[in-house]
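Have a look at the structure below, then the notes.
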Amino acid sequence: MNNIGNILDKRILLLDGAMGTMIQSYAPDETTFRGARFANHDINLLGCYDVLNITARDIVKDIHSAYLDAGADIITTNTFNANAISLARYNLQEYTTEINLSAASLARDIADNYTALNPDKPRFVAGSVGPIFIGSTQSVSTDEDYAQLKDAYTQQITALIIGGVDVLLIETICEPYIAHIAIHAAEKVMKQTHCTIPIMLSVTTTPSGTMVSGETLANFIKSISHANILSVGINCSYGAMEILPHLRTLAQIAPHYISVHPNAGIPDKTGAYPHTTEEMFHIMQTFIQEGVVNIIGGCCGTTPQLTALLSHAVEGATPHLSPNQ
């Protein structure tokens, strides 16, 4: 297997873009989400993107392929909310393992096919692990909350690793303590499965540069110093321009590779994202030119068109050199 760390020393890797908003472009209806498997399910499944790994695999496959065709080095599994707590809203919690296994194996097969076509450009699979909310918050107030979250992360991560992902992407981190639970779950699973893979962490920042919880980036970096982390980064947030100053800060203080995948701004009441592909690319070129990134891609509202533009921009570009390198 190719060592992603060795490649990151040599060049900037291109992460894919949005999954959810790309799925929306296919306009799937309730019948699509249910498929034959859940035709008689007792709760409407419209909006449960994770179940499409079982019921509409062709849509997910098409999206992965579109990003790979555009030049992505890393594709992300369609598992952002594929944990038992989130899936319980749709009464699908008992299918958590199957959904993650299906997502990981689908992405694995596609990535391997593209690598076989061009072994000089290996393609990697990142297992997406999104934030888990208990009720309407991410707060952990009891031992029961902690145990519930750790069990949910453990189940999801176990399936992703067994399914063959190359790296875990714990993303859209709003609360440091939740990230710590996910990291501990990942370490537990790796020990149990005798399979060690890298961990990427990506936080969401406010316009002022703190995490949503109010934690500073510097304090967050200190809090994860005990863990074996491949990269830290910023994703989603308020758009590429708003991320730029905070990305510069992160690159100065973090002894890790740096990742970034911003959204296309905050959607309006109709769900439309304000920033065009060209606008995002113009700003994200600065990330590359300033040498503050090792991994770059898009989040909500982005498309393979952005990936294609970035693929040319990263050619021959110098990757970020962390303070401890």
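Ordered as shown in the structure tokens, chains take letters A, B, and onward, while each chain numbers its residues from 1 and ligands are numbered from 1 in the order shown.
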Skip A:Glu30 itself and residues of its chain fewer than 5 positions away, then list as a compact mmCIF listing (two decimals) with N, CA, C and O atoms, in the first residue's frame all residues within 8 Å of it, counting only C-alpha atoms.
```txt
# COMPACT_ATOMS: atom_id res chain seq x y z
N ASN A 44 -40.07 7.86 6.74
CA ASN A 44 -39.57 8.41 5.49
C ASN A 44 -38.04 8.55 5.55
O ASN A 44 -37.49 8.99 6.57
N LEU A 45 -37.37 8.20 4.46
CA LEU A 45 -35.91 8.21 4.42
C LEU A 45 -35.34 9.35 3.58
O LEU A 45 -34.12 9.48 3.47
N LEU A 46 -36.20 10.18 3.01
CA LEU A 46 -35.75 11.30 2.20
C LEU A 46 -34.79 12.17 3.00
O LEU A 46 -35.11 12.62 4.10
```
Extract, using only C-alpha atoms, all DNA, RNA and protein residues at most 7 Å from stretch 65-71 of chain A, discarding same-chain residues fewer than 6 positions from it, and format them as an MDAnalysis selection string. chainID A and resid 16 304 307:308 311
Store the residues of this selection in a file with N, CA, C and O atoms, as an mmCIF file, in the first residue's frame.
```cif
data_model
loop_
_atom_site.group_PDB
_atom_site.id
_atom_site.type_symbol
_atom_site.label_atom_id
_atom_site.label_comp_id
_atom_site.auth_asym_id
_atom_site.auth_seq_id
_atom_site.Cartn_x
_atom_site.Cartn_y
_atom_site.Cartn_z
ATOM 1 N N ASP A 16 -11.423 15.429 -2.555
ATOM 2 C CA ASP A 16 -12.608 15.657 -3.385
ATOM 3 C C ASP A 16 -13.439 16.820 -2.829
ATOM 4 O O ASP A 16 -12.968 17.604 -2.010
ATOM 5 N N PRO A 304 -17.066 18.838 -8.821
ATOM 6 C CA PRO A 304 -15.849 18.391 -9.515
ATOM 7 C C PRO A 304 -15.205 19.478 -10.378
ATOM 8 O O PRO A 304 -14.009 19.392 -10.691
ATOM 9 N N THR A 307 -12.567 20.873 -8.301
ATOM 10 C CA THR A 307 -11.497 19.880 -8.215
ATOM 11 C C THR A 307 -10.605 19.950 -9.451
ATOM 12 O O THR A 307 -9.373 19.905 -9.345
ATOM 13 N N ALA A 308 -11.218 20.064 -10.613
ATOM 14 C CA ALA A 308 -10.447 20.124 -11.857
ATOM 15 C C ALA A 308 -9.550 21.352 -11.908
ATOM 16 O O ALA A 308 -8.382 21.274 -12.324
ATOM 17 N N SER A 311 -6.688 20.878 -9.496
ATOM 18 C CA SER A 311 -5.738 19.851 -9.932
ATOM 19 C C SER A 311 -4.615 20.461 -10.759
ATOM 20 O O SER A 311 -3.459 19.999 -10.700
#
```
Just the strand (DSSP E or B) stuff from stretch 7-228 of chain A, please, per backbone DSSP, written as a ChimeraX atom specification. /A:13-15,74-76,124-129,134,137,167-173,199-203,205,211
Those same residues, written as an mmCIF file, in the first residue's frame with N, CA, C and O atoms?
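Listed below is the output, result_13.cif:
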```
data_model
loop_
_atom_site.group_PDB
_atom_site.id
_atom_site.type_symbol
_atom_site.label_atom_id
_atom_site.label_comp_id
_atom_site.auth_asym_id
_atom_site.auth_seq_id
_atom_site.Cartn_x
_atom_site.Cartn_y
_atom_site.Cartn_z
ATOM 1 N N LEU A 13 -1.780 17.045 -2.018
ATOM 2 C CA LEU A 13 -2.799 16.087 -2.437
ATOM 3 C C LEU A 13 -4.155 16.764 -2.541
ATOM 4 O O LEU A 13 -4.488 17.653 -1.756
ATOM 5 N N LEU A 14 -4.914 16.316 -3.521
ATOM 6 C CA LEU A 14 -6.213 16.914 -3.808
ATOM 7 C C LEU A 14 -7.331 16.053 -3.238
ATOM 8 O O LEU A 14 -7.509 14.890 -3.622
ATOM 9 N N LEU A 15 -8.048 16.627 -2.280
ATOM 10 C CA LEU A 15 -9.224 15.986 -1.692
ATOM 11 C C LEU A 15 -10.432 16.280 -2.579
ATOM 12 O O LEU A 15 -10.460 17.294 -3.274
ATOM 13 N N ILE A 74 -7.765 11.895 -3.246
ATOM 14 C CA ILE A 74 -8.457 11.296 -2.102
ATOM 15 C C ILE A 74 -9.960 11.465 -2.290
ATOM 16 O O ILE A 74 -10.441 12.585 -2.499
ATOM 17 N N ILE A 75 -10.699 10.372 -2.216
ATOM 18 C CA ILE A 75 -12.158 10.463 -2.204
ATOM 19 C C ILE A 75 -12.653 10.105 -0.809
ATOM 20 O O ILE A 75 -12.049 9.297 -0.108
ATOM 21 N N THR A 76 -13.739 10.739 -0.421
ATOM 22 C CA THR A 76 -14.277 10.617 0.934
ATOM 23 C C THR A 76 -15.540 9.773 0.925
ATOM 24 O O THR A 76 -16.433 10.000 0.102
ATOM 25 N N PHE A 124 -6.557 7.454 -2.894
ATOM 26 C CA PHE A 124 -6.782 7.056 -1.515
ATOM 27 C C PHE A 124 -8.241 7.242 -1.123
ATOM 28 O O PHE A 124 -8.964 8.045 -1.717
ATOM 29 N N VAL A 125 -8.654 6.503 -0.086
ATOM 30 C CA VAL A 125 -10.018 6.604 0.440
ATOM 31 C C VAL A 125 -9.965 7.097 1.874
ATOM 32 O O VAL A 125 -9.282 6.511 2.723
ATOM 33 N N ALA A 126 -10.678 8.194 2.130
ATOM 34 C CA ALA A 126 -10.793 8.728 3.493
ATOM 35 C C ALA A 126 -12.163 8.357 4.046
ATOM 36 O O ALA A 126 -13.187 8.620 3.415
ATOM 37 N N GLY A 127 -12.180 7.738 5.197
ATOM 38 C CA GLY A 127 -13.436 7.399 5.852
ATOM 39 C C GLY A 127 -13.978 8.601 6.597
ATOM 40 O O GLY A 127 -13.393 9.043 7.584
ATOM 41 N N SER A 128 -15.086 9.152 6.120
ATOM 42 C CA SER A 128 -15.656 10.358 6.713
ATOM 43 C C SER A 128 -16.374 10.043 8.020
ATOM 44 O O SER A 128 -17.297 9.227 8.068
ATOM 45 N N VAL A 129 -15.953 10.723 9.078
ATOM 46 C CA VAL A 129 -16.562 10.590 10.403
ATOM 47 C C VAL A 129 -16.991 11.995 10.828
ATOM 48 O O VAL A 129 -16.160 12.830 11.198
ATOM 49 N N ILE A 134 -26.134 14.697 20.298
ATOM 50 C CA ILE A 134 -27.092 14.045 21.188
ATOM 51 C C ILE A 134 -28.244 15.016 21.377
ATOM 52 O O ILE A 134 -28.095 16.070 21.978
ATOM 53 N N THR A 137 -27.681 19.093 20.553
ATOM 54 C CA THR A 137 -26.374 19.644 20.901
ATOM 55 C C THR A 137 -25.299 18.571 20.823
ATOM 56 O O THR A 137 -25.576 17.388 20.656
ATOM 57 N N VAL A 167 -7.412 6.157 5.372
ATOM 58 C CA VAL A 167 -7.242 7.171 6.406
ATOM 59 C C VAL A 167 -8.612 7.500 6.977
ATOM 60 O O VAL A 167 -9.630 7.349 6.288
ATOM 61 N N LEU A 168 -8.661 7.887 8.244
ATOM 62 C CA LEU A 168 -9.902 8.350 8.850
ATOM 63 C C LEU A 168 -9.926 9.865 8.826
ATOM 64 O O LEU A 168 -8.944 10.513 9.222
ATOM 65 N N LEU A 169 -11.010 10.442 8.356
ATOM 66 C CA LEU A 169 -11.177 11.892 8.343
ATOM 67 C C LEU A 169 -12.257 12.261 9.355
ATOM 68 O O LEU A 169 -13.452 12.153 9.082
ATOM 69 N N ILE A 170 -11.832 12.674 10.547
ATOM 70 C CA ILE A 170 -12.754 13.140 11.580
ATOM 71 C C ILE A 170 -12.951 14.624 11.297
ATOM 72 O O ILE A 170 -12.055 15.431 11.542
ATOM 73 N N GLU A 171 -14.102 14.980 10.746
ATOM 74 C CA GLU A 171 -14.259 16.309 10.166
ATOM 75 C C GLU A 171 -15.399 17.127 10.769
ATOM 76 O O GLU A 171 -16.227 16.614 11.507
ATOM 77 N N THR A 172 -15.368 18.412 10.426
ATOM 78 C CA THR A 172 -16.359 19.374 10.903
ATOM 79 C C THR A 172 -16.439 19.335 12.430
ATOM 80 O O THR A 172 -17.515 19.303 13.014
ATOM 81 N N ILE A 173 -15.272 19.332 13.049
ATOM 82 C CA ILE A 173 -15.190 19.264 14.509
ATOM 83 C C ILE A 173 -15.581 20.623 15.094
ATOM 84 O O ILE A 173 -14.970 21.638 14.783
ATOM 85 N N ILE A 199 -4.876 9.335 10.908
ATOM 86 C CA ILE A 199 -6.067 10.103 11.292
ATOM 87 C C ILE A 199 -5.890 11.548 10.855
ATOM 88 O O ILE A 199 -4.885 12.187 11.165
ATOM 89 N N MET A 200 -6.874 12.045 10.112
ATOM 90 C CA MET A 200 -6.942 13.457 9.756
ATOM 91 C C MET A 200 -8.004 14.114 10.627
ATOM 92 O O MET A 200 -9.079 13.532 10.841
ATOM 93 N N LEU A 201 -7.728 15.300 11.126
ATOM 94 C CA LEU A 201 -8.692 16.062 11.904
ATOM 95 C C LEU A 201 -8.990 17.367 11.171
ATOM 96 O O LEU A 201 -8.069 18.027 10.671
ATOM 97 N N SER A 202 -10.251 17.736 11.114
ATOM 98 C CA SER A 202 -10.612 18.996 10.463
ATOM 99 C C SER A 202 -11.694 19.693 11.267
ATOM 100 O O SER A 202 -12.753 19.122 11.542
ATOM 101 N N VAL A 203 -11.418 20.934 11.655
ATOM 102 C CA VAL A 203 -12.329 21.685 12.510
ATOM 103 C C VAL A 203 -13.117 22.705 11.697
ATOM 104 O O VAL A 203 -12.744 23.081 10.585
ATOM 105 N N THR A 205 -14.448 26.600 11.927
ATOM 106 C CA THR A 205 -14.145 27.823 12.663
ATOM 107 C C THR A 205 -15.220 28.888 12.473
ATOM 108 O O THR A 205 -15.947 28.892 11.478
ATOM 109 N N MET A 211 -13.005 27.796 17.343
ATOM 110 C CA MET A 211 -13.932 26.727 17.017
ATOM 111 C C MET A 211 -15.331 27.147 17.464
ATOM 112 O O MET A 211 -15.480 28.117 18.221
#
```
Counting only C-alpha atoms, which residues of stretch 193-245 of chain A fall within 10 Å of stretch 160-163 of chain A, and what is the closest atom pair for each with its distance in Å at one decimal, ordered by chain and rising number, as JSON lines?
```
{"residue": "A:Thr193", "atom": "CA", "partner": "A:Ile162", "partner_atom": "CA", "distance": 8.2}
{"residue": "A:Cys195", "atom": "CA", "partner": "A:Ile161", "partner_atom": "CA", "distance": 7.8}
{"residue": "A:Thr196", "atom": "CA", "partner": "A:Ile161", "partner_atom": "CA", "distance": 9.0}
{"residue": "A:Ile197", "atom": "CA", "partner": "A:Ile161", "partner_atom": "CA", "distance": 8.2}
```
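Distances to A:Lys188 were evaluated for A:Thr276, A:Thr77, A:Asn83, A:Thr154 using only C-alpha atoms, and the minimum falls at A:Thr154.
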Secondary structure check, helix (DSSP H, G or I) residues of stretch 3-171 of chain A, as a ChimeraX atom specification: /A:4-8,20-24,30-34,49-55,57-69,84-90,93-117,143-163
Using only C-alpha atoms, what table do you get, as a Markdown table, when you list each residue of stretch 267-299 of chain A with an atom no more than 10 Å from stretch 20-23 of chain A, its nearest pair of atoms, and their distance in Å rounded to one decimal, rows by chain then rising number?
```
| residue | atom | partner | partner_atom | distance |
| --- | --- | --- | --- | --- |
| A:Gly271 | CA | A:Thr21 | CA | 9.6 |
| A:Ala272 | CA | A:Thr21 | CA | 9.8 |
| A:Tyr273 | CA | A:Thr21 | CA | 9.9 |
| A:Cys299 | CA | A:Thr21 | CA | 9.1 |
```
Can you tell me which residues surround A:Glu278 at a distance of at most 12 Å, considering only C-alpha atoms, apart from same-chain residues fewer than 6 positions away, and format the answer as a tab-separated table (two decimals) with C-alpha atoms, in the first residue's frame?
```tsv
chain	number	residue	atom	x	y	z
A	240	ALA	CA	-12.68	30.21	1.60
A	264	ALA	CA	-19.07	27.65	-1.00
A	284	MET	CA	-7.91	28.94	-2.89
A	285	GLN	CA	-5.04	29.59	-5.26
A	302	THR	CA	-18.54	22.51	-4.26
A	303	THR	CA	-18.33	20.32	-7.36
A	305	GLN	CA	-15.38	21.60	-11.51
A	306	LEU	CA	-13.50	23.10	-8.56
A	307	THR	CA	-11.50	19.88	-8.22
A	308	ALA	CA	-10.45	20.12	-11.86
A	309	LEU	CA	-9.26	23.71	-11.46
A	310	LEU	CA	-7.35	22.88	-8.28
```
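One finds atom CA of A:Pro122 at 27.1 Å from atom CA of A:Ile283.
Interatomic distance, atom CA of A:Ala179 against atom CA of A:Ala251: 19.7 Å.
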List as a PyMOL selection string the protein and nucleic acid residues near stretch 88-103 of chain A, meaning an atom at most 7 Å away when only C-alpha atoms are counted, but skip any in the same chain fewer than 4 places from it. chain A and resi 43+45+50-51+53-54+77-79+82-84+107+155-156+159-160+163
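By only C-alpha atoms, and with residues fewer than 5 positions from A:Leu244 along its chain excluded, the set lying at most 12 Å from it is Thr205, Pro207, Ser208, Gly209, Gly233, Ile234, Asn235, Ser237, Tyr238, Gly239, Thr249, Leu250, Ala251, Ser259, Val260, His261, Pro262, Met280, Ile283, Met284, Gln285, Thr286, Phe287, Ile288, Glu290, Gly291, Val292 and Val293 of chain A.
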Selection file, N, CA and C atoms, as a PDB file, in the first residue's frame:
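That gives us part_15.pdb:
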```pdb
ATOM      1  N   THR A 205     -14.448  26.600  11.927  1.00  0.00           N
ATOM      2  CA  THR A 205     -14.145  27.823  12.663  1.00  0.00           C
ATOM      3  C   THR A 205     -15.220  28.888  12.473  1.00  0.00           C
ATOM      4  N   PRO A 207     -16.028  33.147  12.238  1.00  0.00           N
ATOM      5  CA  PRO A 207     -15.286  34.242  11.588  1.00  0.00           C
ATOM      6  C   PRO A 207     -14.121  34.770  12.410  1.00  0.00           C
ATOM      7  N   SER A 208     -14.227  34.671  13.740  1.00  0.00           N
ATOM      8  CA  SER A 208     -13.140  35.173  14.598  1.00  0.00           C
ATOM      9  C   SER A 208     -11.964  34.198  14.673  1.00  0.00           C
ATOM     10  N   GLY A 209     -12.154  32.979  14.176  1.00  0.00           N
ATOM     11  CA  GLY A 209     -11.059  32.017  14.165  1.00  0.00           C
ATOM     12  C   GLY A 209     -11.092  30.982  15.261  1.00  0.00           C
ATOM     13  N   GLY A 233      -6.799  20.442  10.001  1.00  0.00           N
ATOM     14  CA  GLY A 233      -7.230  21.390   8.994  1.00  0.00           C
ATOM     15  C   GLY A 233      -8.517  22.081   9.366  1.00  0.00           C
ATOM     16  N   ILE A 234      -9.023  22.837   8.405  1.00  0.00           N
ATOM     17  CA  ILE A 234     -10.272  23.571   8.573  1.00  0.00           C
ATOM     18  C   ILE A 234     -11.184  23.219   7.411  1.00  0.00           C
ATOM     19  N   ASN A 235     -12.439  22.934   7.710  1.00  0.00           N
ATOM     20  CA  ASN A 235     -13.398  22.674   6.632  1.00  0.00           C
ATOM     21  C   ASN A 235     -14.722  23.356   6.920  1.00  0.00           C
ATOM     22  N   SER A 237     -17.128  25.855   7.556  1.00  0.00           N
ATOM     23  CA  SER A 237     -17.008  27.221   8.060  1.00  0.00           C
ATOM     24  C   SER A 237     -17.820  28.206   7.220  1.00  0.00           C
ATOM     25  N   TYR A 238     -17.251  29.396   6.955  1.00  0.00           N
ATOM     26  CA  TYR A 238     -18.009  30.467   6.302  1.00  0.00           C
ATOM     27  C   TYR A 238     -17.547  30.747   4.881  1.00  0.00           C
ATOM     28  N   GLY A 239     -16.686  29.895   4.364  1.00  0.00           N
ATOM     29  CA  GLY A 239     -16.195  30.103   3.011  1.00  0.00           C
ATOM     30  C   GLY A 239     -14.686  30.271   2.974  1.00  0.00           C
ATOM     31  N   THR A 249      -2.702  30.818  10.452  1.00  0.00           N
ATOM     32  CA  THR A 249      -2.370  30.602  11.863  1.00  0.00           C
ATOM     33  C   THR A 249      -2.113  29.132  12.144  1.00  0.00           C
ATOM     34  N   LEU A 250      -2.998  28.288  11.635  1.00  0.00           N
ATOM     35  CA  LEU A 250      -2.871  26.850  11.860  1.00  0.00           C
ATOM     36  C   LEU A 250      -1.555  26.334  11.296  1.00  0.00           C
ATOM     37  N   ALA A 251      -1.181  26.812  10.117  1.00  0.00           N
ATOM     38  CA  ALA A 251       0.062  26.370   9.490  1.00  0.00           C
ATOM     39  C   ALA A 251       1.287  26.774  10.311  1.00  0.00           C
ATOM     40  N   SER A 259      -4.595  20.573   6.175  1.00  0.00           N
ATOM     41  CA  SER A 259      -5.636  20.357   5.165  1.00  0.00           C
ATOM     42  C   SER A 259      -6.645  21.500   5.203  1.00  0.00           C
ATOM     43  N   VAL A 260      -7.336  21.682   4.081  1.00  0.00           N
ATOM     44  CA  VAL A 260      -8.418  22.659   4.033  1.00  0.00           C
ATOM     45  C   VAL A 260      -9.433  22.219   2.992  1.00  0.00           C
ATOM     46  N   HIS A 261     -10.706  22.284   3.349  1.00  0.00           N
ATOM     47  CA  HIS A 261     -11.766  22.102   2.346  1.00  0.00           C
ATOM     48  C   HIS A 261     -12.982  22.938   2.758  1.00  0.00           C
ATOM     49  N   PRO A 262     -13.001  24.197   2.261  1.00  0.00           N
ATOM     50  CA  PRO A 262     -14.066  25.133   2.618  1.00  0.00           C
ATOM     51  C   PRO A 262     -15.358  24.870   1.858  1.00  0.00           C
ATOM     52  N   MET A 280     -14.246  30.730  -5.684  1.00  0.00           N
ATOM     53  CA  MET A 280     -13.551  29.892  -4.711  1.00  0.00           C
ATOM     54  C   MET A 280     -12.137  29.573  -5.172  1.00  0.00           C
ATOM     55  N   ILE A 283      -9.598  32.371  -4.664  1.00  0.00           N
ATOM     56  CA  ILE A 283      -9.152  32.505  -3.279  1.00  0.00           C
ATOM     57  C   ILE A 283      -8.249  31.334  -2.890  1.00  0.00           C
ATOM     58  N   MET A 284      -8.647  30.129  -3.298  1.00  0.00           N
ATOM     59  CA  MET A 284      -7.910  28.939  -2.888  1.00  0.00           C
ATOM     60  C   MET A 284      -6.548  28.828  -3.561  1.00  0.00           C
ATOM     61  N   GLN A 285      -6.367  29.508  -4.670  1.00  0.00           N
ATOM     62  CA  GLN A 285      -5.035  29.591  -5.265  1.00  0.00           C
ATOM     63  C   GLN A 285      -4.046  30.197  -4.278  1.00  0.00           C
ATOM     64  N   THR A 286      -4.540  31.125  -3.478  1.00  0.00           N
ATOM     65  CA  THR A 286      -3.682  31.778  -2.478  1.00  0.00           C
ATOM     66  C   THR A 286      -3.193  30.760  -1.456  1.00  0.00           C
ATOM     67  N   PHE A 287      -4.082  29.820  -1.046  1.00  0.00           N
ATOM     68  CA  PHE A 287      -3.675  28.773  -0.105  1.00  0.00           C
ATOM     69  C   PHE A 287      -2.453  28.036  -0.653  1.00  0.00           C
ATOM     70  N   ILE A 288      -2.512  27.741  -1.938  1.00  0.00           N
ATOM     71  CA  ILE A 288      -1.456  26.968  -2.589  1.00  0.00           C
ATOM     72  C   ILE A 288      -0.200  27.809  -2.767  1.00  0.00           C
ATOM     73  N   GLU A 290       0.798  30.409  -1.140  1.00  0.00           N
ATOM     74  CA  GLU A 290       1.451  30.775   0.124  1.00  0.00           C
ATOM     75  C   GLU A 290       2.104  29.583   0.816  1.00  0.00           C
ATOM     76  N   GLY A 291       1.877  28.388   0.307  1.00  0.00           N
ATOM     77  CA  GLY A 291       2.506  27.209   0.893  1.00  0.00           C
ATOM     78  C   GLY A 291       1.992  26.838   2.260  1.00  0.00           C
ATOM     79  N   VAL A 292       0.683  27.031   2.479  1.00  0.00           N
ATOM     80  CA  VAL A 292       0.127  26.731   3.802  1.00  0.00           C
ATOM     81  C   VAL A 292      -0.710  25.450   3.825  1.00  0.00           C
ATOM     82  N   VAL A 293      -0.693  24.674   2.732  1.00  0.00           N
ATOM     83  CA  VAL A 293      -1.522  23.462   2.690  1.00  0.00           C
ATOM     84  C   VAL A 293      -0.748  22.261   2.168  1.00  0.00           C
TER      85      VAL A 293
END
```
Near A:Gln148, within 12 Å and counting only C-alpha atoms, which residues show up once chain neighbours fewer than 2 positions away are dropped, as a PyMOL selection string? chain A and resi 83-86+132-134+140-146+150-155+178+181-182+185
